[in-house]
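What follows is a set of notes on a single structure, which appears directly below.
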Amino acid sequence: MAREHVLDVRGEDCPGPLVKVVRKIARMPVGDRLRVLTDVEECVRLIRETVEAIDLRIDVNDTGEGYWVMVIEKNLAKPRLPPRRKS
Amino acid sequence: MLTPEAIERFSRQLIVREIGVRGLVKLRNSRVAIIGCGATGSAEAELLARMGVGFIRVIDKDFVDLSNLPRVHLMYTEDAEKALPKAVACAERIKAIDPDIEVDPVVARVGPHNILDLVGDVDLIMDGTDNMDVRYLINDAAVKLGKPWIFVGAETWYGNVLLVEPGKGPCLRCFMPRPAVERRDVCDILGVVNTAVTMTASVAVTLALHRLLGMEADHDHLYVVDALRLELDKVRIKRNEGCPACSLHRYEFLERRVEARSARICGTNAVEITPPQPMRLDLPALAKRLDSARLVSVTEHTLKIAISDTASLVLFRDGRAIVDGITDEDEAWRIYEDIILSRIRGEV
Ligand SMILES: [Zn+2]
C-alpha cells in the first residue's frame, strides 16, 4: 500500500532541505509519495531541479500563505537513486 | 548517475545558480586528462576531483621526490620514501577524496606514440607539464582532434593560462610560433612560488569549469597571474593565419620519432633513460635478481637502486629510468645497460 510521507522544512534554508529530501526519497519504497513544505522559494527551485534530474515526478503548489507544498512521487520501478551505501 | 551521497556532498555547489543539479550531472559525465601531475597538474587534479568531474586520467612519467613536496598537492612524504609514481599517488588520493570518480593513472612519458590514445576519449585536456615540447605536442594533438585544451604555465611569481578551442580561437603556436626545440644545453631552471602555482591552476580550472558546464568559456585571452603584485590580467590573443598547427594543419610535433636515449633533465642532476622499446617489467621479481645491498625500495610501480653514496637509479615498469646524481648522459646510459638491460635481455 503506497504511503505518503511528510517533510516540513519550513524555516530552513537550502541546501539542508534538499539533502533531507534526497535522503528521504532514497529510503522510501517505490510507489510512495513525499509531501514537502518549504517557505523558501530558492529551495523550491533547487528541489524541483534535482528531483526532475533524477527522473521523478514533482508537483509544486504555492499555497499563497507564504509557503509551498511539493509532492514528489517515487514513480520509477528503477529509480536512478541507488540505496545508501553502508560504510 | 546521481546518488544521494553526491547530492549531499555537492550541496554547497548545487545551490550556485549557474551550476545546480544539471551542472553536477554534466561534471559527473565529464572526462578530463591531465598531462603532468607535478605542482600544477596535482593542483588541477585536486580541484577537478573535489568539483565532481566523473573521469580523470592523470599522466606522469616521474616519481614523487622530497623536493616536490613544497609545491605539489595530493602527495606526501611517504610517497617520496617509496618513490611512488606521481600519477599513482595522485590517483590514490583522488579516490580517497571521492570514490565515485573513475581515475586512470598512467605512468608514462607522453610522446607522439601515445598522445592520441591518451587524449582521444576525453572532453578536455589540462596542461600540467613544465615542458614546452610536451605542450606543443598536446597542442598538435588537440588541434588535430578538435578538442579543447588548457595551456598552463607557472614560473617564479607568474603564471599563464589559455583555453585553446581549436578552430574558434588561437592555439599555442599562434602566439608562440617558434618553439625552442634545442633548449637542452640552455638549462636555466627557475624556481616557483607555490601560491603562484595554485593561483594559476585555479584560473585554469575555473576556465575548465566554464567549459565543462557549457557556459561561455573565454578562449580569446591569455590570462596572466602575477603573484608578486597580486594581479590577474588578461591579454587578447588573435589567431595567426600562418600558424603551422591550426591554420596549415602541419603537426610537426606529432610526427617526431621517439628514440632510445638518455637525456639530462633540465635543472636537476639527473638523466632520464628511454629504453629501446617499451617494456612490461615485473619489478619485484627483477629486484630478487639484483644485488640486494643496492636495493633501496621496490613496489609494483618503481624499483630504486643505489649506485653510489650520491647516485641512485629509479626504474619504472615500462623500462624507463631516472638516474639521479649523475649528469653525464653516456655514463647514465652505461649504468642503465649494466644494471638493468643486461639482466632483462631476452625477457621482454
Ligand atoms: Zn594556431
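In the C-alpha cells, the first chain shown is A, the next is B, and so on; residue numbers restart at 1 for each chain, and ligands run from 1 in the order shown.
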
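Using only C-alpha atoms, one finds that the residues of chain A close to chain B, at 6 Å or less, are A:Pro15, A:Val19, A:Val22, A:Arg23, A:Thr50, A:Leu81.
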
Excluding Arg28 of chain B and any residue of its chain fewer than 5 positions from it, enumerate the residues within 9 Å of it, using only C-alpha atoms, and give them as number ranges by chain. B: 1-2, 23, 52-55, 101

Would you put the residues from that selection into a file with N, CA, C and O atoms, as a CSV table (one decimal), in the first residue's frame?
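Contents of the output file out-v9.csv:
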chain,number,residue,atom,x,y,z
B,1,MET,N,25.2,9.5,-13.3
B,1,MET,CA,24.3,8.9,-12.3
B,1,MET,C,24.5,9.7,-11.0
B,1,MET,O,25.6,9.9,-10.5
B,2,LEU,N,23.4,10.1,-10.5
B,2,LEU,CA,23.5,10.9,-9.2
B,2,LEU,C,23.0,10.1,-8.1
B,2,LEU,O,22.0,9.4,-8.1
B,23,GLY,N,24.3,21.1,-13.7
B,23,GLY,CA,25.7,21.3,-13.8
B,23,GLY,C,26.5,20.1,-13.2
B,23,GLY,O,27.5,19.6,-13.8
B,52,GLY,N,33.9,17.4,-8.7
B,52,GLY,CA,32.9,16.4,-9.1
B,52,GLY,C,33.1,15.8,-10.5
B,52,GLY,O,32.2,15.1,-11.0
B,53,VAL,N,34.2,16.2,-11.2
B,53,VAL,CA,34.4,15.6,-12.5
B,53,VAL,C,34.5,14.1,-12.4
B,53,VAL,O,35.1,13.5,-11.6
B,54,GLY,N,33.7,13.4,-13.3
B,54,GLY,CA,33.5,12.0,-13.2
B,54,GLY,C,34.6,11.1,-13.6
B,54,GLY,O,34.8,10.0,-13.1
B,55,PHE,N,35.5,11.5,-14.6
B,55,PHE,CA,36.6,10.7,-15.0
B,55,PHE,C,37.8,11.6,-15.1
B,55,PHE,O,37.8,12.6,-15.8
B,101,ILE,N,34.6,8.8,-8.3
B,101,ILE,CA,35.4,9.3,-9.5
B,101,ILE,C,36.1,8.1,-10.1
B,101,ILE,O,36.7,7.3,-9.4

From the list B:Leu207, B:Val235, B:Cys246, B:Ile339, which residue is nearest ligand 1 when using only C-alpha atoms and all ligand atoms? B:Cys246

As a check of understanding: the span from atom CA of Pro70 of chain B to atom CA of Leu27 of chain B is 29.7 Å

All residues within 8 Å of ligand 1 are required, counting only C-alpha atoms and all ligand atoms; please report them as a count of residues only. 16

Shortest interatomic distance to Pro99 of chain B - which of B:Thr156, B:Ala311, B:Ala49, B:Val72, counting only C-alpha atoms: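 Looking only at the distances to Pro99 of chain B, the closest residue turns out to be B:Ala49.
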
Could you give me, as a PyMOL selection string, the residues within 12 Å of Asp291 of chain B, counting only C-alpha atoms and dropping anything in the same chain fewer than 2 positions from it? chain B and resi 286-289+293-296+304-307+339-340+343

Quick one: contact table of segment 10-58 of chain A to segment 1-4 of chain A, 7 Å max, nearest atom pair and distance in Å to one decimal per residue, counting only C-alpha atoms, chain and number order, as JSON lines?
{"residue": "A:Gly31", "atom": "CA", "partner": "A:Ala2", "partner_atom": "CA", "distance": 5.5}
{"residue": "A:Asp32", "atom": "CA", "partner": "A:Ala2", "partner_atom": "CA", "distance": 4.8}
{"residue": "A:Arg33", "atom": "CA", "partner": "A:Glu4", "partner_atom": "CA", "distance": 4.6}
{"residue": "A:Leu34", "atom": "CA", "partner": "A:Glu4", "partner_atom": "CA", "distance": 5.6}
{"residue": "A:Arg35", "atom": "CA", "partner": "A:Glu4", "partner_atom": "CA", "distance": 6.9}

Can you write out the residues you just picked, keeping N, CA and C atoms, as a PDB file, in the first residue's frame?
ATOM      1  N   GLY A  31       6.647   3.822  -5.259  1.00  0.00           N
ATOM      2  CA  GLY A  31       5.191   3.960  -5.180  1.00  0.00           C
ATOM      3  C   GLY A  31       4.785   4.969  -4.123  1.00  0.00           C
ATOM      4  N   ASP A  32       5.620   5.158  -3.096  1.00  0.00           N
ATOM      5  CA  ASP A  32       5.301   6.118  -2.037  1.00  0.00           C
ATOM      6  C   ASP A  32       5.447   7.546  -2.551  1.00  0.00           C
ATOM      7  N   ARG A  33       4.801   8.439  -1.796  1.00  0.00           N
ATOM      8  CA  ARG A  33       4.890   9.850  -2.166  1.00  0.00           C
ATOM      9  C   ARG A  33       5.448  10.656  -0.999  1.00  0.00           C
ATOM     10  N   LEU A  34       6.098  11.745  -1.346  1.00  0.00           N
ATOM     11  CA  LEU A  34       6.671  12.603  -0.314  1.00  0.00           C
ATOM     12  C   LEU A  34       6.107  14.014  -0.471  1.00  0.00           C
ATOM     13  N   ARG A  35       5.512  14.520   0.622  1.00  0.00           N
ATOM     14  CA  ARG A  35       4.975  15.883   0.618  1.00  0.00           C
ATOM     15  C   ARG A  35       5.980  16.775   1.352  1.00  0.00           C
TER      16      ARG A  35
END

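You can rank B:Thr268, B:Glu155, B:Pro284, B:Ser342 by their closest distance to Asn194 of chain B using only C-alpha atoms, and at the top of that list sits B:Glu155.
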
Run DSSP on the backbone and grab whatever in segment 131-163 of chain B lands in alpha helix (DSSP H); send it over as JSON, numbers by chain. {"B": [132, 133, 134, 135, 136, 137, 138, 139, 140, 141, 142, 143, 144, 145]}
